[in-house]
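What follows is the content of work-v1.cif (mmCIF, C-alpha atoms).
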```cif
data_structure
#
loop_
_atom_site.group_PDB
_atom_site.id
_atom_site.type_symbol
_atom_site.label_atom_id
_atom_site.label_comp_id
_atom_site.auth_asym_id
_atom_site.auth_seq_id
_atom_site.Cartn_x
_atom_site.Cartn_y
_atom_site.Cartn_z
ATOM 1 C CA MET A 1 0.000 0.000 0.000
ATOM 2 C CA ILE A 2 2.828 2.401 0.945
ATOM 3 C CA GLU A 3 6.402 1.990 -0.259
ATOM 4 C CA ILE A 4 9.190 4.260 0.981
ATOM 5 C CA ARG A 5 12.506 3.838 -0.808
ATOM 6 C CA ASN A 6 15.859 5.490 -0.024
ATOM 7 C CA LEU A 7 14.245 8.612 1.398
ATOM 8 C CA VAL A 8 16.633 11.500 2.090
ATOM 9 C CA LYS A 9 15.760 14.936 3.429
ATOM 10 C CA ASN A 10 18.389 17.603 4.002
ATOM 11 C CA TYR A 11 17.877 20.969 5.661
ATOM 12 C CA GLY A 12 21.030 22.725 4.569
ATOM 13 C CA LYS A 13 23.875 20.767 6.157
ATOM 14 C CA VAL A 14 21.538 18.888 8.487
ATOM 15 C CA THR A 15 20.304 15.462 7.324
ATOM 16 C CA ALA A 16 16.892 14.746 8.839
ATOM 17 C CA LEU A 17 16.351 11.497 6.901
ATOM 18 C CA ASP A 18 19.194 9.355 5.638
ATOM 19 C CA ASP A 19 18.300 6.562 3.173
ATOM 20 C CA VAL A 20 15.051 5.523 4.890
ATOM 21 C CA SER A 21 13.171 2.573 3.367
ATOM 22 C CA PHE A 22 10.187 0.574 4.627
ATOM 23 C CA ASP A 23 6.793 -0.744 3.498
ATOM 24 C CA VAL A 24 3.314 -0.591 4.963
ATOM 25 C CA LYS A 25 1.103 -3.418 3.742
ATOM 26 C CA LYS A 26 -2.598 -2.993 3.079
ATOM 27 C CA GLY A 27 -4.598 -3.439 6.283
ATOM 28 C CA ASP A 28 -1.603 -2.979 8.600
ATOM 29 C CA ILE A 29 -1.506 -0.734 11.647
ATOM 30 C CA LEU A 30 2.135 0.348 11.695
ATOM 31 C CA GLY A 31 3.708 1.835 14.791
ATOM 32 C CA PHE A 32 6.194 4.501 13.667
ATOM 33 C CA LEU A 33 8.502 5.186 16.600
ATOM 34 C CA GLY A 34 11.638 6.982 17.613
ATOM 35 C CA PRO A 35 12.979 9.540 20.096
ATOM 36 C CA ASN A 36 12.466 13.271 19.627
ATOM 37 C CA GLY A 37 14.391 14.548 16.623
ATOM 38 C CA ALA A 38 14.661 11.103 15.036
ATOM 39 C CA GLY A 39 12.976 12.210 11.786
ATOM 40 C CA LYS A 40 9.440 10.850 12.270
ATOM 41 C CA SER A 41 7.586 14.104 11.585
ATOM 42 C CA THR A 42 9.747 14.824 8.542
ATOM 43 C CA ALA A 43 8.973 11.381 7.125
ATOM 44 C CA MET A 44 5.241 11.779 7.731
ATOM 45 C CA ASN A 45 5.223 15.234 6.168
ATOM 46 C CA ILE A 46 6.853 13.789 3.051
ATOM 47 C CA ILE A 47 4.437 10.828 2.903
ATOM 48 C CA THR A 48 1.458 13.184 3.202
ATOM 49 C CA GLY A 49 2.799 15.606 0.593
ATOM 50 C CA TYR A 50 3.564 18.529 2.906
ATOM 51 C CA LEU A 51 7.281 18.305 2.138
ATOM 52 C CA ALA A 52 9.276 17.196 -0.882
ATOM 53 C CA PRO A 53 12.208 14.832 -0.265
ATOM 54 C CA THR A 54 15.748 15.721 -1.244
ATOM 55 C CA SER A 55 15.861 12.318 -2.932
ATOM 56 C CA GLY A 56 14.100 8.979 -2.790
ATOM 57 C CA ASN A 57 10.607 7.775 -3.617
ATOM 58 C CA VAL A 58 7.246 7.423 -1.882
ATOM 59 C CA THR A 59 4.579 5.326 -3.601
ATOM 60 C CA ILE A 60 0.980 5.363 -2.346
ATOM 61 C CA ASP A 61 -1.078 2.499 -3.770
ATOM 62 C CA GLY A 62 1.021 2.580 -6.933
ATOM 63 C CA ILE A 63 0.977 6.393 -7.224
ATOM 64 C CA ASP A 64 4.236 8.342 -7.059
ATOM 65 C CA ALA A 65 3.592 10.714 -4.146
ATOM 66 C CA VAL A 66 6.189 13.207 -5.377
ATOM 67 C CA GLU A 67 5.315 13.328 -9.084
ATOM 68 C CA ASN A 68 1.544 13.001 -8.495
ATOM 69 C CA SER A 69 1.185 14.525 -5.049
ATOM 70 C CA LEU A 70 -2.471 15.586 -5.374
ATOM 71 C CA GLU A 71 -3.632 12.137 -6.497
ATOM 72 C CA ALA A 72 -1.663 10.458 -3.704
ATOM 73 C CA ARG A 73 -3.037 12.843 -1.071
ATOM 74 C CA LYS A 74 -6.597 11.907 -2.015
ATOM 75 C CA LEU A 75 -5.888 8.488 -0.506
ATOM 76 C CA ILE A 76 -4.663 9.840 2.840
ATOM 77 C CA GLY A 77 -6.343 11.161 5.956
ATOM 78 C CA TYR A 78 -3.865 12.970 8.193
ATOM 79 C CA LEU A 79 -4.151 13.859 11.871
ATOM 80 C CA PRO A 80 -1.114 15.969 12.842
ATOM 81 C CA GLU A 81 -0.056 16.352 16.454
ATOM 82 C CA GLN A 82 -1.758 19.770 16.523
ATOM 83 C CA PRO A 83 -5.113 19.242 14.722
ATOM 84 C CA PRO A 84 -5.850 21.941 12.098
ATOM 85 C CA LEU A 85 -8.978 23.326 13.768
ATOM 86 C CA PHE A 86 -10.728 26.692 13.429
ATOM 87 C CA GLY A 87 -11.924 27.603 16.893
ATOM 88 C CA GLU A 88 -14.597 30.078 15.811
ATOM 89 C CA MET A 89 -16.478 27.450 13.765
ATOM 90 C CA THR A 90 -18.958 24.952 15.084
ATOM 91 C CA VAL A 91 -18.054 21.291 14.622
ATOM 92 C CA LYS A 92 -20.717 20.991 11.909
ATOM 93 C CA GLU A 93 -19.410 24.051 10.040
ATOM 94 C CA TYR A 94 -15.835 22.843 10.284
ATOM 95 C CA LEU A 95 -16.560 19.371 8.944
ATOM 96 C CA GLY A 96 -18.586 20.940 6.129
ATOM 97 C CA PHE A 97 -15.579 23.109 5.313
ATOM 98 C CA ILE A 98 -13.341 20.007 5.204
ATOM 99 C CA CYS A 99 -15.867 18.359 2.883
ATOM 100 C CA ASP A 100 -15.529 21.378 0.578
ATOM 101 C CA LEU A 101 -11.733 21.114 0.633
ATOM 102 C CA LYS A 102 -11.867 17.412 -0.172
ATOM 103 C CA ARG A 103 -14.612 17.948 -2.770
ATOM 104 C CA VAL A 104 -16.980 15.448 -1.227
ATOM 105 C CA PRO A 105 -20.242 15.396 -3.257
ATOM 106 C CA LYS A 106 -22.997 17.162 -1.290
ATOM 107 C CA LYS A 107 -25.420 14.273 -1.606
ATOM 108 C CA LYS A 108 -22.936 11.972 0.153
ATOM 109 C CA ARG A 109 -22.132 14.314 3.024
ATOM 110 C CA PRO A 110 -25.018 13.763 5.487
ATOM 111 C CA ALA A 111 -24.639 9.988 5.710
ATOM 112 C CA MET A 112 -20.847 10.147 5.701
ATOM 113 C CA LEU A 113 -20.691 12.769 8.471
ATOM 114 C CA ASP A 114 -23.232 10.848 10.537
ATOM 115 C CA ASP A 115 -20.997 7.764 10.305
ATOM 116 C CA ILE A 116 -17.863 9.728 11.217
ATOM 117 C CA CYS A 117 -19.524 11.427 14.176
ATOM 118 C CA TYR A 118 -20.679 8.029 15.412
ATOM 119 C CA ILE A 119 -17.212 6.492 15.051
ATOM 120 C CA VAL A 120 -15.389 9.254 16.950
ATOM 121 C CA LYS A 121 -18.310 9.988 19.298
ATOM 122 C CA ILE A 122 -18.848 13.704 18.593
ATOM 123 C CA GLY A 123 -22.519 13.640 17.595
ATOM 124 C CA ASP A 124 -23.530 15.405 20.808
ATOM 125 C CA VAL A 125 -21.252 18.413 20.116
ATOM 126 C CA ARG A 126 -21.898 18.961 16.398
ATOM 127 C CA ASN A 127 -23.484 22.360 17.021
ATOM 128 C CA ARG A 128 -20.939 23.586 19.564
ATOM 129 C CA VAL A 129 -18.150 26.081 18.842
ATOM 130 C CA ILE A 130 -14.814 24.262 18.629
ATOM 131 C CA ARG A 131 -12.884 26.619 20.925
ATOM 132 C CA ASN A 132 -15.330 25.801 23.728
ATOM 133 C CA LEU A 133 -14.682 22.070 23.523
ATOM 134 C CA SER A 134 -12.437 20.108 25.863
ATOM 135 C CA LYS A 135 -9.026 18.865 24.718
ATOM 136 C CA GLY A 136 -10.439 15.376 24.213
ATOM 137 C CA TYR A 137 -13.292 16.575 22.036
ATOM 138 C CA ARG A 138 -11.027 18.825 19.960
ATOM 139 C CA GLN A 139 -8.791 15.829 19.356
ATOM 140 C CA ARG A 140 -11.843 13.836 18.248
ATOM 141 C CA VAL A 141 -12.851 16.600 15.831
ATOM 142 C CA GLY A 142 -9.314 16.538 14.411
ATOM 143 C CA PHE A 143 -9.657 12.787 13.992
ATOM 144 C CA ALA A 144 -13.004 13.323 12.266
ATOM 145 C CA GLN A 145 -11.485 15.639 9.641
ATOM 146 C CA ALA A 146 -8.944 12.927 8.799
ATOM 147 C CA LEU A 147 -11.820 10.533 8.085
ATOM 148 C CA VAL A 148 -13.706 12.878 5.759
ATOM 149 C CA GLY A 149 -13.821 11.401 2.266
ATOM 150 C CA ASP A 150 -13.193 7.884 3.610
ATOM 151 C CA PRO A 151 -9.484 7.722 2.681
ATOM 152 C CA PRO A 152 -8.058 4.180 2.707
ATOM 153 C CA ILE A 153 -4.888 5.361 4.492
ATOM 154 C CA LEU A 154 -4.747 7.148 7.850
ATOM 155 C CA ILE A 155 -1.610 8.791 9.238
ATOM 156 C CA LEU A 156 -1.925 9.689 12.908
ATOM 157 C CA ASP A 157 0.747 11.747 14.661
ATOM 158 C CA GLU A 158 0.520 11.465 18.465
ATOM 159 C CA PRO A 159 -3.304 11.162 18.429
ATOM 160 C CA THR A 160 -3.605 10.673 22.208
ATOM 161 C CA VAL A 161 -1.182 13.356 23.416
ATOM 162 C CA GLY A 162 -2.645 15.305 26.339
ATOM 163 C CA LEU A 163 -5.651 13.030 26.803
ATOM 164 C CA ASP A 164 -6.739 11.487 30.080
ATOM 165 C CA PRO A 165 -6.526 7.679 30.549
ATOM 166 C CA LYS A 166 -10.197 7.113 29.712
ATOM 167 C CA GLN A 167 -9.880 9.114 26.488
ATOM 168 C CA VAL A 168 -6.706 7.239 25.585
ATOM 169 C CA VAL A 169 -8.485 3.897 25.910
ATOM 170 C CA GLU A 170 -11.335 5.191 23.744
ATOM 171 C CA PHE A 171 -8.931 6.403 21.049
ATOM 172 C CA ARG A 172 -7.214 3.013 21.000
ATOM 173 C CA ARG A 173 -10.589 1.382 20.492
ATOM 174 C CA ILE A 174 -11.329 3.724 17.594
ATOM 175 C CA ILE A 175 -7.955 3.033 15.967
ATOM 176 C CA SER A 176 -8.422 -0.724 16.301
ATOM 177 C CA THR A 177 -11.895 -0.462 14.762
ATOM 178 C CA LEU A 178 -10.656 1.659 11.856
ATOM 179 C CA GLY A 179 -7.797 -0.779 11.299
ATOM 180 C CA ARG A 180 -10.298 -3.331 9.990
ATOM 181 C CA ASN A 181 -10.833 -1.280 6.830
ATOM 182 C CA HIS A 182 -7.881 1.117 6.681
ATOM 183 C CA THR A 183 -4.106 1.074 6.469
ATOM 184 C CA ILE A 184 -2.780 3.110 9.395
ATOM 185 C CA ILE A 185 0.548 4.677 10.353
ATOM 186 C CA LEU A 186 0.534 5.556 14.050
ATOM 187 C CA SER A 187 3.318 7.732 15.422
ATOM 188 C CA THR A 188 3.410 7.824 19.206
ATOM 189 C CA HIS A 189 5.693 8.075 22.225
ATOM 190 C CA ILE A 190 3.360 5.844 24.252
ATOM 191 C CA LEU A 191 4.781 2.363 23.764
ATOM 192 C CA GLN A 192 1.786 0.655 25.374
ATOM 193 C CA GLU A 193 -0.277 2.096 22.530
ATOM 194 C CA VAL A 194 1.846 0.193 20.033
ATOM 195 C CA THR A 195 1.499 -3.150 21.779
ATOM 196 C CA ALA A 196 -2.258 -2.530 22.127
ATOM 197 C CA VAL A 197 -3.121 -1.804 18.486
ATOM 198 C CA CYS A 198 -0.184 -2.245 16.067
ATOM 199 C CA SER A 199 0.672 -5.228 13.883
ATOM 200 C CA ASP A 200 4.056 -3.935 12.679
ATOM 201 C CA VAL A 201 6.700 -1.514 13.908
ATOM 202 C CA VAL A 202 9.353 0.745 12.386
ATOM 203 C CA ILE A 203 11.823 2.380 14.764
ATOM 204 C CA ILE A 204 13.715 5.352 13.373
ATOM 205 C CA ASN A 205 16.685 7.037 15.026
ATOM 206 C CA ASN A 206 19.206 9.619 13.839
ATOM 207 C CA GLY A 207 17.321 9.779 10.543
ATOM 208 C CA LYS A 208 17.788 6.076 9.827
ATOM 209 C CA VAL A 209 15.668 2.961 10.271
ATOM 210 C CA ALA A 210 17.048 1.256 13.382
ATOM 211 C CA LYS A 211 14.757 -1.780 13.114
ATOM 212 C CA ALA A 212 11.577 -2.782 11.284
ATOM 213 C CA GLY A 213 9.373 -5.867 11.505
ATOM 214 C CA SER A 214 6.235 -7.384 12.964
ATOM 215 C CA LEU A 215 5.423 -6.634 16.600
ATOM 216 C CA SER A 216 6.192 -10.272 17.457
ATOM 217 C CA ASP A 217 9.749 -9.777 16.141
ATOM 218 C CA PHE A 218 10.290 -7.218 18.888
ATOM 219 C CA VAL A 219 8.808 -9.114 21.825
ATOM 220 C CA SER A 220 9.690 -12.750 21.110
ATOM 221 C CA ALA A 221 12.371 -14.049 23.417
ATOM 222 C CA ASP A 222 15.786 -14.893 21.981
ATOM 223 C CA ALA A 223 16.077 -18.564 21.082
ATOM 224 C CA ASN A 224 19.187 -19.070 23.219
ATOM 225 C CA VAL A 225 18.102 -17.088 26.266
ATOM 226 C CA LYS A 226 15.504 -17.788 28.933
ATOM 227 C CA ARG A 227 14.120 -14.905 30.987
ATOM 228 C CA PHE A 228 12.431 -15.187 34.382
ATOM 229 C CA ALA A 229 10.913 -13.146 37.160
ATOM 230 C CA VAL A 230 11.501 -14.495 40.668
ATOM 231 C CA THR A 231 9.998 -13.380 43.978
ATOM 232 C CA PHE A 232 11.994 -13.910 47.172
ATOM 233 C CA ASP A 233 10.260 -14.202 50.532
ATOM 234 C CA THR A 234 12.599 -11.665 52.083
ATOM 235 C CA GLY A 235 13.026 -7.917 52.231
ATOM 236 C CA ASP A 236 16.822 -8.157 52.369
ATOM 237 C CA LYS A 237 18.305 -7.223 48.981
ATOM 238 C CA GLU A 238 21.762 -8.340 50.003
ATOM 239 C CA VAL A 239 20.496 -11.877 50.692
ATOM 240 C CA ALA A 240 18.474 -12.064 47.448
ATOM 241 C CA GLU A 241 21.305 -10.759 45.298
ATOM 242 C CA LYS A 242 23.805 -13.137 46.896
ATOM 243 C CA LEU A 243 21.572 -16.048 45.879
ATOM 244 C CA LEU A 244 21.212 -14.728 42.316
ATOM 245 C CA SER A 245 24.863 -13.802 41.824
ATOM 246 C CA GLY A 246 25.894 -17.284 42.907
ATOM 247 C CA VAL A 247 24.150 -18.707 39.831
ATOM 248 C CA PHE A 248 23.487 -15.944 37.261
ATOM 249 C CA LYS A 249 25.463 -13.112 35.711
ATOM 250 C CA ASN A 250 22.505 -11.188 34.324
ATOM 251 C CA TYR A 251 19.932 -10.109 36.887
ATOM 252 C CA SER A 252 18.267 -6.874 37.979
ATOM 253 C CA PHE A 253 15.963 -5.654 40.721
ATOM 254 C CA SER A 254 12.387 -5.169 39.522
ATOM 255 C CA ARG A 255 10.236 -4.044 42.459
ATOM 256 C CA THR A 256 9.121 -4.629 46.026
ATOM 257 C CA ASP A 257 5.791 -6.453 46.257
ATOM 258 C CA HIS A 258 4.150 -6.384 49.726
ATOM 259 C CA GLY A 259 7.547 -6.598 51.379
ATOM 260 C CA LEU A 260 8.832 -9.319 49.032
ATOM 261 C CA LEU A 261 11.596 -8.693 46.498
ATOM 262 C CA VAL A 262 11.033 -9.282 42.792
ATOM 263 C CA TYR A 263 14.023 -9.714 40.465
ATOM 264 C CA ARG A 264 14.445 -10.464 36.802
ATOM 265 C CA PHE A 265 17.200 -12.677 35.434
ATOM 266 C CA SER A 266 18.202 -14.283 32.168
ATOM 267 C CA THR A 267 20.192 -17.396 31.471
ATOM 268 C CA ASP A 268 21.439 -19.621 28.681
ATOM 269 C CA SER A 269 18.720 -22.120 27.795
ATOM 270 C CA LYS A 270 21.168 -25.052 27.885
ATOM 271 C CA SER A 271 22.106 -24.486 31.518
ATOM 272 C CA SER A 272 19.259 -22.596 33.126
ATOM 273 C CA GLY A 273 20.511 -22.773 36.721
ATOM 274 C CA VAL A 274 16.934 -22.559 38.018
ATOM 275 C CA LYS A 275 17.200 -25.799 40.006
ATOM 276 C CA GLU A 276 20.421 -24.589 41.585
ATOM 277 C CA LEU A 277 18.729 -21.326 42.601
ATOM 278 C CA PHE A 278 15.933 -23.304 44.292
ATOM 279 C CA PHE A 279 18.396 -25.506 46.196
ATOM 280 C CA ASN A 280 20.555 -22.559 47.284
ATOM 281 C CA ALA A 281 17.505 -20.587 48.452
ATOM 282 C CA ALA A 282 16.196 -23.593 50.397
ATOM 283 C CA SER A 283 19.603 -24.073 52.036
ATOM 284 C CA ALA A 284 19.560 -20.411 53.067
ATOM 285 C CA GLY A 285 16.031 -20.735 54.446
ATOM 286 C CA ILE A 286 14.581 -18.354 51.854
ATOM 287 C CA ALA A 287 11.413 -19.347 49.982
ATOM 288 C CA LEU A 288 10.838 -18.510 46.330
ATOM 289 C CA THR A 289 7.160 -17.587 46.313
ATOM 290 C CA GLU A 290 6.955 -17.191 42.538
ATOM 291 C CA LEU A 291 9.084 -18.020 39.526
ATOM 292 C CA LYS A 292 7.698 -17.374 36.056
ATOM 293 C CA PRO A 293 9.146 -17.202 32.534
ATOM 294 C CA MET A 294 8.965 -13.823 30.827
ATOM 295 C CA GLU A 295 8.958 -12.601 27.260
ATOM 296 C CA LYS A 296 11.128 -9.673 26.344
ATOM 297 C CA SER A 297 8.978 -6.549 26.776
ATOM 298 C CA PHE A 298 8.543 -4.156 23.897
ATOM 299 C CA GLU A 299 9.713 -1.276 26.084
ATOM 300 C CA GLU A 300 12.953 -3.101 26.907
ATOM 301 C CA GLU A 301 13.600 -3.895 23.258
ATOM 302 C CA PHE A 302 12.863 -0.312 22.183
ATOM 303 C CA VAL A 303 15.333 1.083 24.717
ATOM 304 C CA ARG A 304 17.925 -1.524 23.715
ATOM 305 C CA ILE A 305 17.611 -0.655 20.022
ATOM 306 C CA ILE A 306 17.786 3.098 20.565
ATOM 307 C CA THR A 307 20.686 2.842 23.022
ATOM 308 C CA SER A 308 22.629 0.472 20.754
ATOM 309 C CA ASP A 309 21.952 2.637 17.710
ATOM 310 C CA MET A 310 23.098 5.790 19.509
ATOM 311 C CA HIS A 311 26.307 4.024 20.585
ATOM 312 C CA ASP A 312 26.960 2.886 17.015
ATOM 313 C CA HIS A 313 26.298 6.421 15.772
ATOM 314 C CA ARG A 314 28.821 7.890 18.203
ATOM 315 C CA GLU A 315 31.376 5.275 17.245
ATOM 316 C CA GLY A 316 30.785 5.937 13.556
ATOM 317 C CA VAL A 317 29.717 2.326 12.837
#
```
Take the structure I supplied and represent it as C-alpha cells, if you would.
Amino acid sequence: MIEIRNLVKNYGKVTALDDVSFDVKKGDILGFLGPNGAGKSTAMNIITGYLAPTSGNVTIDGIDAVENSLEARKLIGYLPEQPPLFGEMTVKEYLGFICDLKRVPKKKRPAMLDDICYIVKIGDVRNRVIRNLSKGYRQRVGFAQALVGDPPILILDEPTVGLDPKQVVEFRRIISTLGRNHTIILSTHILQEVTAVCSDVVIINNGKVAKAGSLSDFVSADANVKRFAVTFDTGDKEVAEKLLSGVFKNYSFSRTDHGLLVYRFSTDSKSSGVKELFFNAASAGIALTELKPMEKSFEEEFVRIITSDMHDHREGV
C-alpha cells in the first residue's frame, strides 16, 4: 500500500532522513517510533505531501507521491499532532468546510458525516463552537477531519497526546476499529499504545531505520536465552542478590511487592541454573514464592535498540 525507498531529506547541512526505506502493507496498523528529533515528523510530512524529499521515492497504492502529489493525497487522511482546527467554527461548520476542501459530493455528506460522528463519538457536540470544547473533544474533531472522504490510508501523529486515561483507551478502540478497513501509520511516544493496536513496527533514530518488523519480532524471546521473574520471601536485597549472583550473571531488581523482592534474570537455555537457585535458596532458608518465565517486553527492546543505535552512531559504525 505504501512503499518508501531510499528517502533523504536535508535541511542545509543537516540530514533529517538518511536513506530511509520501509513498506506498509494494506490493512496494517504500523507503529512509527523513535525519540524526539529522530525524523518521524519529517517522514510523515513527506508521505502526506507537505514536504518534498531531497531524494528517494514514496509510492501510495502505486501512485508516485512526489510526481503526483495531489492524487496520492486523495488516498490519505492525516491527523497531525496539533489538529488543524478553526476555533470560531462549530463542529458541523468545520466538517462541512473540510468536505468542501476534499470535494466530497454534497449528496454523500449527510450519511458520511453521521458515520464519522458516530465512530469518533462527537454527535452530541456537532453544534458547539470548537474553541469551547475540551481537549479530548477537539482531538476527536481533528480525527473526524482525517476521516472525511473515507481515505483508505490514515496517518496519525501522536493522536492521544494530552488526553486522560479514559480518552486514551477510547482512542485506542477507535484506531483498532478503523484498522479493519484502513491502512494506518501511528506515530506515538506511548509504547503501550503500540502493543495494544499495532501489527508492525518501524523504529527510526538519527534519521535512519534502526529496526523494522512485525510486533512479534520485537517481543519474542531470543532462542538461546531464557528470561524469568523471581519473587523472594525476604526484604533483604543483600540476601536475594547473593543467591542470584551465585548462579546468574545477568539479573536486575524489579520491584518490592508487599515486602517481598522481585528480580528479573536471564540465562542460557542449555544451563538454566533454576534448580540450583531453588536448592541454594532452600539451604539459606529463603522461599521462592513465585518463579515465572517472561517474554522480552517491547519497552525493553525499544530502549535496547535506541541505546545500541546511539552508541553505534557515536562510534561511527
Which neighbours of Val58 in chain A fall inside 7 Å, counting only C-alpha atoms, when residues of the same chain fewer than 2 positions from it are skipped, and could you give them as a short mmCIF file (atom, residue, chain, number, x, y, z; two decimals) with C-alpha atoms, in the coordinates of the input?
```cif
data_model
loop_
_atom_site.label_atom_id
_atom_site.label_comp_id
_atom_site.auth_asym_id
_atom_site.auth_seq_id
_atom_site.Cartn_x
_atom_site.Cartn_y
_atom_site.Cartn_z
CA GLU A 3 6.40 1.99 -0.26
CA ILE A 4 9.19 4.26 0.98
CA ARG A 5 12.51 3.84 -0.81
CA ILE A 47 4.44 10.83 2.90
CA ILE A 60 0.98 5.36 -2.35
CA ASP A 64 4.24 8.34 -7.06
CA ALA A 65 3.59 10.71 -4.15
CA VAL A 66 6.19 13.21 -5.38
#
```
Might you pull out every residue within 12 Å of Arg180 in chain A, with all atoms listed in the file counted and same-chain residues fewer than 2 positions away left off, and present them as a PyMOL selection string? chain A and resi 26-29+152-153+173-178+182-184+197-199
Select, counting all atoms listed in the file, all protein, DNA and RNA residues no farther than 7 Å from (3.2, -6.8, 15.0) in file coordinates, and express the selection as a ChimeraX atom specification. /A:198-201,214-216
Evaluate the PyMOL selection byres ((chain A and resi 242-245) around 9) and record the selected residues as JSON, numbers by chain, following the chain and residue labels used in the document. {"A": [237, 238, 239, 240, 241, 246, 247, 248, 249, 250, 251, 263, 265, 277, 280, 281, 284]}
Go ahead and write the selection's residues with C-alpha atoms as a compact mmCIF listing (two decimals), in the frame of the given file.
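Saved to out30.txt:
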```txt
# COMPACT_ATOMS: atom_id res chain seq x y z
CA LYS A 237 18.30 -7.22 48.98
CA GLU A 238 21.76 -8.34 50.00
CA VAL A 239 20.50 -11.88 50.69
CA ALA A 240 18.47 -12.06 47.45
CA GLU A 241 21.30 -10.76 45.30
CA GLY A 246 25.89 -17.28 42.91
CA VAL A 247 24.15 -18.71 39.83
CA PHE A 248 23.49 -15.94 37.26
CA LYS A 249 25.46 -13.11 35.71
CA ASN A 250 22.50 -11.19 34.32
CA TYR A 251 19.93 -10.11 36.89
CA TYR A 263 14.02 -9.71 40.47
CA PHE A 265 17.20 -12.68 35.43
CA LEU A 277 18.73 -21.33 42.60
CA ASN A 280 20.56 -22.56 47.28
CA ALA A 281 17.50 -20.59 48.45
CA ALA A 284 19.56 -20.41 53.07
```
Asn205 in chain A surroundings by all atoms listed in the file, 12 Å radius, close-in-sequence under 2 positions cut, as an MDAnalysis selection string: chainID A and resid 15:20 32:40 43 202:203 207:212 302:303 305:313
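Using only C-alpha atoms, the smallest distance between any of A:Gly96, A:Pro293, A:Gly285, A:Gly123 and Ser266 in chain A comes from A:Pro293.
Nearest residue to Arg255 in chain A, choosing from A:Gly235, A:Gly273, A:Gly213, A:Pro80 and counting only C-alpha atoms: A:Gly235.
Shortest separation to Thr289 in chain A among A:Ser187, A:Met1, A:Thr267, A:Ala229 occurs at residue A:Ala229, atoms counted being only C-alpha atoms.
Interatomic distance, CA of Pro105 in chain A against CA of Gln145 in chain A: 15.6 Å.
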